[in-house]
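Novice: Following this line is my_file-v5.cif, made up of mmCIF, C-alpha atoms, pLDDT in the B column; chains and numbers go by the auth columns:
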data_run
loop_
_atom_site.group_PDB
_atom_site.id
_atom_site.type_symbol
_atom_site.label_atom_id
_atom_site.label_comp_id
_atom_site.label_asym_id
_atom_site.label_seq_id
_atom_site.Cartn_x
_atom_site.Cartn_y
_atom_site.Cartn_z
_atom_site.B_iso_or_equiv
_atom_site.auth_seq_id
_atom_site.auth_asym_id
ATOM 1 C CA GLY A 1 -48.348 -47.191 53.773 66.00 1 T
ATOM 2 C CA ALA A 2 -49.205 -48.218 50.262 78.00 2 T
ATOM 3 C CA VAL A 3 -47.024 -50.745 48.477 92.00 3 T
ATOM 4 C CA VAL A 4 -45.637 -50.238 45.003 96.00 4 T
ATOM 5 C CA SER A 5 -43.359 -52.798 43.411 96.00 5 T
ATOM 6 C CA GLN A 6 -41.019 -52.604 40.447 97.00 6 T
ATOM 7 C CA HIS A 7 -39.477 -55.347 38.411 97.00 7 T
ATOM 8 C CA PRO A 8 -36.684 -55.888 37.738 97.00 8 T
ATOM 9 C CA SER A 9 -34.762 -54.140 40.492 97.00 9 T
ATOM 10 C CA TRP A 10 -31.705 -53.993 38.291 97.00 10 T
ATOM 11 C CA VAL A 11 -30.882 -54.871 34.712 97.00 11 T
ATOM 12 C CA ILE A 12 -27.772 -54.885 32.564 97.00 12 T
ATOM 13 C CA CYS A 13 -28.220 -54.967 28.821 96.00 13 T
ATOM 14 C CA LYS A 14 -26.295 -54.475 25.628 97.00 14 T
ATOM 15 C CA SER A 15 -26.566 -51.294 23.609 97.00 15 T
ATOM 16 C CA GLY A 16 -29.388 -51.463 21.099 97.00 16 T
ATOM 17 C CA THR A 17 -31.624 -53.806 23.054 97.00 17 T
ATOM 18 C CA SER A 18 -34.969 -52.938 24.642 97.00 18 T
ATOM 19 C CA VAL A 19 -35.732 -53.199 28.310 97.00 19 T
ATOM 20 C CA LYS A 20 -39.171 -53.371 29.930 98.00 20 T
ATOM 21 C CA ILE A 21 -39.741 -52.230 33.511 98.00 21 T
ATOM 22 C CA GLU A 22 -42.949 -53.064 35.356 97.00 22 T
ATOM 23 C CA CYS A 23 -44.553 -50.992 38.078 96.00 23 T
ATOM 24 C CA ARG A 24 -47.353 -52.463 40.169 96.00 24 T
ATOM 25 C CA SER A 25 -49.519 -51.043 42.927 95.00 25 T
ATOM 26 C CA LEU A 26 -50.010 -54.057 45.179 94.00 26 T
ATOM 27 C CA ASP A 27 -52.705 -52.961 47.615 92.00 27 T
ATOM 28 C CA PHE A 28 -54.547 -50.189 45.835 92.00 28 T
ATOM 29 C CA GLN A 29 -55.730 -49.209 42.393 91.00 29 T
ATOM 30 C CA ALA A 30 -53.879 -46.440 40.663 90.00 30 T
ATOM 31 C CA THR A 31 -55.450 -44.631 37.749 86.00 31 T
ATOM 32 C CA THR A 32 -52.328 -42.524 37.508 92.00 32 T
ATOM 33 C CA MET A 33 -48.712 -43.578 37.744 94.00 33 T
ATOM 34 C CA PHE A 34 -45.578 -41.567 37.149 95.00 34 T
ATOM 35 C CA TRP A 35 -42.168 -42.467 35.770 96.00 35 T
ATOM 36 C CA TYR A 36 -39.048 -40.701 36.963 96.00 36 T
ATOM 37 C CA ARG A 37 -35.378 -40.942 36.138 96.00 37 T
ATOM 38 C CA GLN A 38 -32.601 -40.052 38.511 94.00 38 T
ATOM 39 C CA PHE A 39 -28.923 -39.757 37.668 92.00 39 T
ATOM 40 C CA PRO A 40 -26.319 -40.101 40.453 87.00 40 T
ATOM 41 C CA LYS A 41 -26.382 -37.219 42.928 83.00 41 T
ATOM 42 C CA GLN A 42 -29.101 -35.458 40.942 86.00 42 T
ATOM 43 C CA SER A 43 -32.736 -34.796 41.666 86.00 43 T
ATOM 44 C CA LEU A 44 -35.729 -36.740 40.416 90.00 44 T
ATOM 45 C CA MET A 45 -36.732 -35.937 36.871 91.00 45 T
ATOM 46 C CA LEU A 46 -40.322 -36.620 35.871 92.00 46 T
ATOM 47 C CA MET A 47 -40.404 -38.371 32.518 95.00 47 T
ATOM 48 C CA ALA A 48 -44.089 -39.001 31.999 94.00 48 T
ATOM 49 C CA THR A 49 -47.495 -39.378 33.560 93.00 49 T
ATOM 50 C CA SER A 50 -49.179 -42.688 32.851 90.00 50 T
ATOM 51 C CA ASN A 51 -52.974 -42.816 32.853 87.00 51 T
ATOM 52 C CA GLU A 52 -54.896 -46.080 32.853 86.00 52 T
ATOM 53 C CA GLY A 53 -56.555 -46.707 29.544 85.00 53 T
ATOM 54 C CA SER A 54 -55.131 -43.679 27.760 86.00 54 T
ATOM 55 C CA LYS A 55 -51.906 -42.385 26.301 89.00 55 T
ATOM 56 C CA ALA A 56 -49.145 -41.227 28.589 92.00 56 T
ATOM 57 C CA THR A 57 -48.274 -37.569 28.907 92.00 57 T
ATOM 58 C CA TYR A 58 -44.586 -36.962 28.388 95.00 58 T
ATOM 59 C CA GLU A 59 -42.542 -34.134 29.826 93.00 59 T
ATOM 60 C CA GLN A 60 -40.741 -31.784 27.523 93.00 60 T
ATOM 61 C CA GLY A 61 -37.572 -33.275 26.137 93.00 61 T
ATOM 62 C CA VAL A 62 -38.544 -36.904 26.769 95.00 62 T
ATOM 63 C CA GLU A 63 -38.779 -38.949 23.572 94.00 63 T
ATOM 64 C CA LYS A 64 -42.091 -40.795 23.550 93.00 64 T
ATOM 65 C CA ASP A 65 -40.890 -43.212 20.869 95.00 65 T
ATOM 66 C CA LYS A 66 -37.892 -44.172 22.935 96.00 66 T
ATOM 67 C CA PHE A 67 -39.637 -44.487 26.288 97.00 67 T
ATOM 68 C CA LEU A 68 -42.843 -46.409 25.648 96.00 68 T
ATOM 69 C CA ILE A 69 -45.368 -46.372 28.454 95.00 69 T
ATOM 70 C CA ASN A 70 -48.374 -48.662 28.753 92.00 70 T
ATOM 71 C CA HIS A 71 -50.852 -48.444 31.626 90.00 71 T
ATOM 72 C CA ALA A 72 -53.017 -51.419 30.785 84.00 72 T
ATOM 73 C CA SER A 73 -54.716 -51.923 34.138 91.00 73 T
ATOM 74 C CA LEU A 74 -55.391 -50.108 37.384 91.00 74 T
ATOM 75 C CA THR A 75 -52.436 -51.836 39.029 93.00 75 T
ATOM 76 C CA LEU A 76 -49.818 -52.068 36.296 95.00 76 T
ATOM 77 C CA SER A 77 -47.808 -49.621 34.226 95.00 77 T
ATOM 78 C CA THR A 78 -44.814 -50.549 32.108 96.00 78 T
ATOM 79 C CA LEU A 79 -41.936 -48.492 30.768 97.00 79 T
ATOM 80 C CA THR A 80 -40.014 -49.865 27.811 97.00 80 T
ATOM 81 C CA VAL A 81 -36.681 -48.290 26.982 97.00 81 T
ATOM 82 C CA THR A 82 -36.267 -49.031 23.289 97.00 82 T
ATOM 83 C CA SER A 83 -32.864 -49.332 21.610 96.00 83 T
ATOM 84 C CA ALA A 84 -31.130 -48.504 24.858 97.00 84 T
ATOM 85 C CA HIS A 85 -27.770 -46.757 24.788 96.00 85 T
ATOM 86 C CA PRO A 86 -25.199 -46.131 27.531 96.00 86 T
ATOM 87 C CA GLU A 87 -26.560 -42.636 28.142 95.00 87 T
ATOM 88 C CA ASP A 88 -29.886 -44.237 29.147 96.00 88 T
ATOM 89 C CA SER A 89 -28.169 -45.859 32.116 97.00 89 T
ATOM 90 C CA SER A 90 -29.932 -44.456 35.145 96.00 90 T
ATOM 91 C CA PHE A 91 -32.154 -45.195 38.120 97.00 91 T
ATOM 92 C CA TYR A 92 -35.772 -45.422 36.938 98.00 92 T
ATOM 93 C CA ILE A 93 -38.424 -44.992 39.596 97.00 93 T
ATOM 94 C CA CYS A 94 -42.166 -45.249 39.265 97.00 94 T
ATOM 95 C CA SER A 95 -44.767 -43.892 41.611 95.00 95 T
ATOM 96 C CA ALA A 96 -48.476 -44.564 41.907 94.00 96 T
ATOM 97 C CA ARG A 97 -51.157 -42.101 42.895 91.00 97 T
ATOM 98 C CA ARG A 98 -53.360 -43.341 45.697 88.00 98 T
ATOM 99 C CA GLY A 99 -56.650 -41.686 46.518 82.00 99 T
ATOM 100 C CA SER A 100 -58.521 -38.946 44.763 74.00 100 T
ATOM 101 C CA GLY A 101 -58.973 -35.243 45.031 71.00 101 T
ATOM 102 C CA SER A 102 -56.607 -32.915 46.832 69.00 102 T
ATOM 103 C CA THR A 103 -55.547 -35.445 49.484 76.00 103 T
ATOM 104 C CA ASP A 104 -54.204 -38.091 47.146 82.00 104 T
ATOM 105 C CA THR A 105 -50.616 -39.138 47.627 87.00 105 T
ATOM 106 C CA GLN A 106 -47.812 -40.576 45.511 90.00 106 T
ATOM 107 C CA TYR A 107 -46.083 -43.721 46.666 93.00 107 T
ATOM 108 C CA PHE A 108 -42.820 -44.743 45.062 95.00 108 T
ATOM 109 C CA GLY A 109 -41.625 -48.112 43.892 96.00 109 T
ATOM 110 C CA PRO A 110 -38.138 -49.281 44.901 97.00 110 T
ATOM 111 C CA GLY A 111 -36.648 -48.309 41.541 97.00 111 T
ATOM 112 C CA THR A 112 -34.881 -50.108 38.727 98.00 112 T
ATOM 113 C CA ARG A 113 -31.219 -49.549 38.082 97.00 113 T
ATOM 114 C CA LEU A 114 -30.490 -49.823 34.364 97.00 114 T
ATOM 115 C CA THR A 115 -26.962 -50.237 33.054 97.00 115 T
ATOM 116 C CA VAL A 116 -26.471 -50.243 29.291 97.00 116 T
ATOM 117 C CA LEU A 117 -23.130 -51.563 28.121 96.00 117 T
ATOM 118 C CA GLN B 1 -37.621 -19.044 39.815 64.00 1 O
ATOM 119 C CA LYS B 2 -37.867 -22.751 40.530 72.00 2 O
ATOM 120 C CA GLU B 3 -41.309 -23.994 41.451 89.00 3 O
ATOM 121 C CA VAL B 4 -40.068 -25.722 44.606 93.00 4 O
ATOM 122 C CA GLU B 5 -36.851 -24.564 46.224 94.00 5 O
ATOM 123 C CA GLN B 6 -34.779 -26.219 48.884 95.00 6 O
ATOM 124 C CA ASN B 7 -31.315 -25.567 50.237 90.00 7 O
ATOM 125 C CA SER B 8 -29.184 -28.408 48.886 87.00 8 O
ATOM 126 C CA GLY B 9 -27.129 -28.621 52.075 88.00 9 O
ATOM 127 C CA PRO B 10 -25.542 -30.598 53.447 94.00 10 O
ATOM 128 C CA LEU B 11 -27.165 -29.756 56.735 96.00 11 O
ATOM 129 C CA SER B 12 -25.132 -31.223 59.541 97.00 12 O
ATOM 130 C CA VAL B 13 -26.577 -31.631 63.039 97.00 13 O
ATOM 131 C CA PRO B 14 -25.360 -33.560 66.085 97.00 14 O
ATOM 132 C CA GLU B 15 -27.214 -36.611 67.261 98.00 15 O
ATOM 133 C CA GLY B 16 -30.134 -35.686 69.488 97.00 16 O
ATOM 134 C CA ALA B 17 -30.530 -32.191 68.032 97.00 17 O
ATOM 135 C CA ILE B 18 -33.446 -30.804 66.056 97.00 18 O
ATOM 136 C CA ALA B 19 -32.964 -30.754 62.303 97.00 19 O
ATOM 137 C CA SER B 20 -34.913 -28.066 60.461 97.00 20 O
ATOM 138 C CA LEU B 21 -35.499 -28.451 56.745 97.00 21 O
ATOM 139 C CA ASN B 22 -37.104 -25.673 54.737 97.00 22 O
ATOM 140 C CA CYS B 23 -38.880 -25.394 51.429 97.00 23 O
ATOM 141 C CA THR B 24 -40.527 -22.570 49.490 97.00 24 O
ATOM 142 C CA TYR B 25 -42.860 -22.862 46.534 95.00 25 O
ATOM 143 C CA SER B 26 -44.030 -20.512 43.835 93.00 26 O
ATOM 144 C CA ASP B 27 -47.642 -21.505 43.125 91.00 27 O
ATOM 145 C CA ARG B 28 -49.714 -19.642 45.706 90.00 28 O
ATOM 146 C CA GLY B 29 -52.744 -21.815 45.010 88.00 29 O
ATOM 147 C CA SER B 30 -50.992 -25.081 45.914 90.00 30 O
ATOM 148 C CA GLN B 31 -53.019 -27.263 48.248 87.00 31 O
ATOM 149 C CA SER B 32 -51.009 -30.403 48.920 91.00 32 O
ATOM 150 C CA PHE B 33 -47.529 -30.660 50.381 95.00 33 O
ATOM 151 C CA PHE B 34 -45.335 -33.654 51.081 95.00 34 O
ATOM 152 C CA TRP B 35 -41.998 -34.564 52.569 97.00 35 O
ATOM 153 C CA TYR B 36 -40.125 -37.602 51.308 96.00 36 O
ATOM 154 C CA ARG B 37 -36.914 -39.154 52.574 97.00 37 O
ATOM 155 C CA GLN B 38 -34.466 -40.718 50.133 96.00 38 O
ATOM 156 C CA TYR B 39 -31.525 -42.773 51.256 96.00 39 O
ATOM 157 C CA SER B 40 -28.586 -43.009 48.887 93.00 40 O
ATOM 158 C CA GLY B 41 -29.305 -45.498 46.125 92.00 41 O
ATOM 159 C CA LYS B 42 -32.924 -45.958 47.190 95.00 42 O
ATOM 160 C CA SER B 43 -36.237 -44.534 46.053 95.00 43 O
ATOM 161 C CA PRO B 44 -38.107 -41.808 47.975 96.00 44 O
ATOM 162 C CA GLU B 45 -40.239 -42.778 50.942 95.00 45 O
ATOM 163 C CA LEU B 46 -43.189 -40.677 52.099 94.00 46 O
ATOM 164 C CA ILE B 47 -42.744 -39.202 55.575 95.00 47 O
ATOM 165 C CA MET B 48 -45.488 -36.621 55.907 94.00 48 O
ATOM 166 C CA SER B 49 -48.277 -34.967 54.028 94.00 49 O
ATOM 167 C CA ILE B 50 -49.842 -31.656 55.057 95.00 50 O
ATOM 168 C CA TYR B 51 -52.741 -29.794 53.542 92.00 51 O
ATOM 169 C CA SER B 52 -53.692 -26.968 55.899 92.00 52 O
ATOM 170 C CA ASN B 53 -51.826 -24.178 57.643 95.00 53 O
ATOM 171 C CA GLY B 54 -50.166 -24.976 60.923 96.00 54 O
ATOM 172 C CA ASP B 55 -48.270 -27.903 62.344 96.00 55 O
ATOM 173 C CA LYS B 56 -48.739 -31.613 61.853 97.00 56 O
ATOM 174 C CA GLU B 57 -46.865 -33.999 64.079 97.00 57 O
ATOM 175 C CA ASP B 58 -46.037 -37.656 63.528 96.00 58 O
ATOM 176 C CA GLY B 59 -43.603 -39.160 65.986 97.00 59 O
ATOM 177 C CA ARG B 60 -40.314 -37.269 65.800 97.00 60 O
ATOM 178 C CA PHE B 61 -41.403 -35.435 62.663 98.00 61 O
ATOM 179 C CA THR B 62 -43.340 -32.186 62.501 98.00 62 O
ATOM 180 C CA ALA B 63 -44.387 -30.571 59.246 98.00 63 O
ATOM 181 C CA GLN B 64 -45.208 -26.881 59.283 98.00 64 O
ATOM 182 C CA LEU B 65 -47.137 -25.096 56.552 97.00 65 O
ATOM 183 C CA ASN B 66 -47.575 -21.381 56.014 97.00 66 O
ATOM 184 C CA LYS B 67 -49.489 -20.772 52.808 95.00 67 O
ATOM 185 C CA ALA B 68 -49.352 -16.988 53.130 95.00 68 O
ATOM 186 C CA SER B 69 -45.556 -17.151 53.084 95.00 69 O
ATOM 187 C CA GLN B 70 -45.527 -20.086 50.639 96.00 70 O
ATOM 188 C CA TYR B 71 -43.310 -21.969 53.011 96.00 71 O
ATOM 189 C CA VAL B 72 -43.281 -25.526 54.302 97.00 72 O
ATOM 190 C CA SER B 73 -40.791 -27.014 56.706 97.00 73 O
ATOM 191 C CA LEU B 74 -39.944 -30.318 58.347 98.00 74 O
ATOM 192 C CA LEU B 75 -38.571 -30.595 61.852 98.00 75 O
ATOM 193 C CA ILE B 76 -36.903 -33.771 63.024 98.00 76 O
ATOM 194 C CA ARG B 77 -36.582 -33.988 66.790 98.00 77 O
ATOM 195 C CA ASP B 78 -33.971 -36.122 68.524 98.00 78 O
ATOM 196 C CA SER B 79 -32.123 -36.607 65.251 98.00 79 O
ATOM 197 C CA GLN B 80 -30.481 -39.985 64.783 97.00 80 O
ATOM 198 C CA PRO B 81 -27.652 -41.037 62.463 97.00 81 O
ATOM 199 C CA SER B 82 -30.249 -43.158 60.656 97.00 82 O
ATOM 200 C CA ASP B 83 -32.027 -39.931 59.699 97.00 83 O
ATOM 201 C CA SER B 84 -29.066 -39.054 57.467 97.00 84 O
ATOM 202 C CA ALA B 85 -30.587 -38.897 53.995 97.00 85 O
ATOM 203 C CA THR B 86 -31.827 -36.488 51.360 96.00 86 O
ATOM 204 C CA TYR B 87 -35.186 -34.936 52.168 97.00 87 O
ATOM 205 C CA LEU B 88 -37.409 -33.988 49.258 96.00 88 O
ATOM 206 C CA CYS B 89 -40.120 -31.385 49.510 96.00 89 O
ATOM 207 C CA ALA B 90 -42.983 -31.948 47.084 94.00 90 O
ATOM 208 C CA VAL B 91 -45.865 -29.662 46.167 93.00 91 O
ATOM 209 C CA ARG B 92 -49.047 -30.216 44.149 89.00 92 O
ATOM 210 C CA PRO B 93 -49.612 -26.970 42.235 82.00 93 O
ATOM 211 C CA ASN B 94 -53.107 -25.692 41.650 76.00 94 O
ATOM 212 C CA THR B 95 -52.777 -26.107 37.913 70.00 95 O
ATOM 213 C CA GLY B 96 -55.058 -29.082 37.530 62.00 96 O
ATOM 214 C CA GLY B 97 -53.900 -32.621 36.905 67.00 97 O
ATOM 215 C CA PHE B 98 -52.088 -34.753 39.420 75.00 98 O
ATOM 216 C CA LYS B 99 -48.481 -33.836 38.817 82.00 99 O
ATOM 217 C CA THR B 100 -46.412 -33.212 41.924 88.00 100 O
ATOM 218 C CA ILE B 101 -43.402 -30.932 41.742 90.00 101 O
ATOM 219 C CA PHE B 102 -40.346 -32.069 43.677 92.00 102 O
ATOM 220 C CA GLY B 103 -37.586 -29.923 45.060 93.00 103 O
ATOM 221 C CA ALA B 104 -33.999 -30.952 44.469 92.00 104 O
ATOM 222 C CA GLY B 105 -33.697 -32.085 48.083 95.00 105 O
ATOM 223 C CA THR B 106 -31.681 -31.205 51.155 96.00 106 O
ATOM 224 C CA ARG B 107 -28.976 -33.562 52.299 96.00 107 O
ATOM 225 C CA LEU B 108 -29.043 -34.099 56.057 97.00 108 O
ATOM 226 C CA PHE B 109 -26.112 -35.537 57.967 97.00 109 O
ATOM 227 C CA VAL B 110 -26.584 -36.457 61.614 97.00 110 O
ATOM 228 C CA LYS B 111 -23.295 -36.834 63.434 96.00 111 O
ATOM 229 C CA ALA B 112 -23.046 -39.520 66.101 93.00 112 O
#
Just dump the structure as structure tokens.
Specialist:
Amino acid sequence: GAVVSQHPSWVICKSGTSVKIECRSLDFQATTMFWYRQFPKQSLMLMATSNEGSKATYEQGVEKDKFLINHASLTLSTLTVTSAHPEDSSFYICSARRGSGSTDTQYFGPGTRLTVL
Amino acid sequence: QKEVEQNSGPLSVPEGAIASLNCTYSDRGSQSFFWYRQYSGKSPELIMSIYSNGDKEDGRFTAQLNKASQYVSLLIRDSQPSDSATYLCAVRPNTGGFKTIFGAGTRLFVKA
């Protein structure tokens, strides 16, 4: 299967600081990547769709100024949580779209666990 | 009505039995369907993709798709305790774009 990496795998930060999470597709190019958030025992929540070379598309209710997404290359998308607060503590997971057309598939990164103190 | 619906479970089956996981979806024009497995504290892992009506087998896993009934299922034969996880059904609606809609998942517990 395709390989998607995330860095860091976990991070602890103080309230008010910003945290950057990287998502990389290691063995394929991904024009589209997705960012999800998952709280304990809850389902995946899509935050935004990241498109290479263009602005991200955010889901309703997700603050674009708080969750900055940059998809600068075909293998890298970053999510920056700005001025993080304890309620932002969650499991952040990216996925990358491999292939084109109706048979493309999403592959997930291992996730980043964010704890804001 | 949710776009992708799954029974949250838990579904409990004895080791060696067949586990049957079901999923229904609302967009009749959907073309792409996926099953992911998610262990506790980990990210989802793709198990199967299916695009046309009928069965698709891969090892102990069989995905079944019935577009007329808007129904997709996953069968796990010879269930093992290591299969205990949450199984996510995912559907690509025919609304354009590349967004995939995920169900909330079914928790499976395989008893040794």
Novice: In terms of the shortest atom-to-atom distance over only C-alpha atoms, which of O:Ser84, O:Ser30, O:Ser20, O:Gln70 is closest to chain T?
Specialist: O:Ser30
Novice: Find the residues near segment 59-74 of chain T: any atom within 10 Å, counting all atoms listed in the file, skip ones fewer than 6 places away on the same chain, and give them as a PyMOL selection string.
Specialist: chain T and resi 18-25+28-35+45-53+80-84+96
Novice: Using only C-alpha atoms, please write the residues we just selected to a file, as a short mmCIF file (atom, residue, chain, number, x, y, z; two decimals), keeping the file's coordinate frame.
Specialist:
data_model
loop_
_atom_site.label_atom_id
_atom_site.label_comp_id
_atom_site.auth_asym_id
_atom_site.auth_seq_id
_atom_site.Cartn_x
_atom_site.Cartn_y
_atom_site.Cartn_z
CA SER T 18 -34.97 -52.94 24.64
CA VAL T 19 -35.73 -53.20 28.31
CA LYS T 20 -39.17 -53.37 29.93
CA ILE T 21 -39.74 -52.23 33.51
CA GLU T 22 -42.95 -53.06 35.36
CA CYS T 23 -44.55 -50.99 38.08
CA ARG T 24 -47.35 -52.46 40.17
CA SER T 25 -49.52 -51.04 42.93
CA PHE T 28 -54.55 -50.19 45.84
CA GLN T 29 -55.73 -49.21 42.39
CA ALA T 30 -53.88 -46.44 40.66
CA THR T 31 -55.45 -44.63 37.75
CA THR T 32 -52.33 -42.52 37.51
CA MET T 33 -48.71 -43.58 37.74
CA PHE T 34 -45.58 -41.57 37.15
CA TRP T 35 -42.17 -42.47 35.77
CA MET T 45 -36.73 -35.94 36.87
CA LEU T 46 -40.32 -36.62 35.87
CA MET T 47 -40.40 -38.37 32.52
CA ALA T 48 -44.09 -39.00 32.00
CA THR T 49 -47.50 -39.38 33.56
CA SER T 50 -49.18 -42.69 32.85
CA ASN T 51 -52.97 -42.82 32.85
CA GLU T 52 -54.90 -46.08 32.85
CA GLY T 53 -56.56 -46.71 29.54
CA THR T 80 -40.01 -49.86 27.81
CA VAL T 81 -36.68 -48.29 26.98
CA THR T 82 -36.27 -49.03 23.29
CA SER T 83 -32.86 -49.33 21.61
CA ALA T 84 -31.13 -48.50 24.86
CA ALA T 96 -48.48 -44.56 41.91
#
Novice: Which residues match the PyMOL selection byres ((chain T and resi 89) around 10) in the file above, as a list in words?
Specialist: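 Checked against the file, the PyMOL selection byres ((chain T and resi 89) around 10) matches Val11, Ile12, Cys13, Arg37, Gln38, Phe39, Ala84, His85, Pro86, Glu87, Asp88, Ser90, Phe91, Tyr92, Arg113, Leu114, Thr115, Val116 and Leu117 of chain T.
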Novice: Those same residues - C-alpha atoms - I'd like them written as a PDB file, in the coordinates of the input.
Specialist:
ATOM      1  CA  VAL T  11     -30.882 -54.871  34.712  1.00 97.00           C
ATOM      2  CA  ILE T  12     -27.772 -54.885  32.564  1.00 97.00           C
ATOM      3  CA  CYS T  13     -28.220 -54.967  28.821  1.00 96.00           C
ATOM      4  CA  ARG T  37     -35.378 -40.942  36.138  1.00 96.00           C
ATOM      5  CA  GLN T  38     -32.601 -40.052  38.511  1.00 94.00           C
ATOM      6  CA  PHE T  39     -28.923 -39.757  37.668  1.00 92.00           C
ATOM      7  CA  ALA T  84     -31.130 -48.504  24.858  1.00 97.00           C
ATOM      8  CA  HIS T  85     -27.770 -46.757  24.788  1.00 96.00           C
ATOM      9  CA  PRO T  86     -25.199 -46.131  27.531  1.00 96.00           C
ATOM     10  CA  GLU T  87     -26.560 -42.636  28.142  1.00 95.00           C
ATOM     11  CA  ASP T  88     -29.886 -44.237  29.147  1.00 96.00           C
ATOM     12  CA  SER T  90     -29.932 -44.456  35.145  1.00 96.00           C
ATOM     13  CA  PHE T  91     -32.154 -45.195  38.120  1.00 97.00           C
ATOM     14  CA  TYR T  92     -35.772 -45.422  36.938  1.00 98.00           C
ATOM     15  CA  ARG T 113     -31.219 -49.549  38.082  1.00 97.00           C
ATOM     16  CA  LEU T 114     -30.490 -49.823  34.364  1.00 97.00           C
ATOM     17  CA  THR T 115     -26.962 -50.237  33.054  1.00 97.00           C
ATOM     18  CA  VAL T 116     -26.471 -50.243  29.291  1.00 97.00           C
ATOM     19  CA  LEU T 117     -23.130 -51.563  28.121  1.00 96.00           C
TER      20      LEU T 117
END
Novice: Return as a list in words the set of residues that the PyMOL selection byres ((chain T) within 6 of (chain O)) yields on the displayed structure.
Specialist: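 Applied to this file, the PyMOL selection byres ((chain T) within 6 of (chain O)) returns Ser43, Pro110 and Gly111 of chain T.
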Novice: Pick from O:Thr95, O:Arg60, O:Ala112, O:Tyr71: nearest to Ile18 of chain O, with all atoms listed in the file counted?
Specialist: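 Distance minimum relative to Ile18 of chain O lands on O:Arg60.
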Novice: Quote the spacing between atom CA of Ser95 of chain T and atom CA of Arg37 of chain O in Å to one decimal place.
Specialist: 14.3 Å
Novice: Under the rule that all atoms listed in the file are counted, which of T:Leu26, T:Leu44, T:Thr57, T:Asp104 is the nearest residue to Gln6 of chain T?
Specialist: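 Among T:Leu26, T:Leu44, T:Thr57, T:Asp104, it is T:Leu26 that comes nearest to Gln6 of chain T.
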Novice: What gap, in Å, lies between atom CA of Asn66 of chain O and atom CA of Glu3 of chain O?
Specialist: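 Those two atoms sit 16.1 Å apart.
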Novice: Near Gly54 of chain O, counting only C-alpha atoms, which residues have an atom at most 10 Å away, once you skip same-chain residues fewer than 6 positions from it, shown as a list in words?
Specialist: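 Those residues are Ala63, Gln64, Leu65, Asn66, Lys67 and Val72 of chain O.
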Novice: By how many Å are atom CA of Gly9 of chain O and atom CA of Arg107 of chain O apart?
Specialist: 5.3 Å
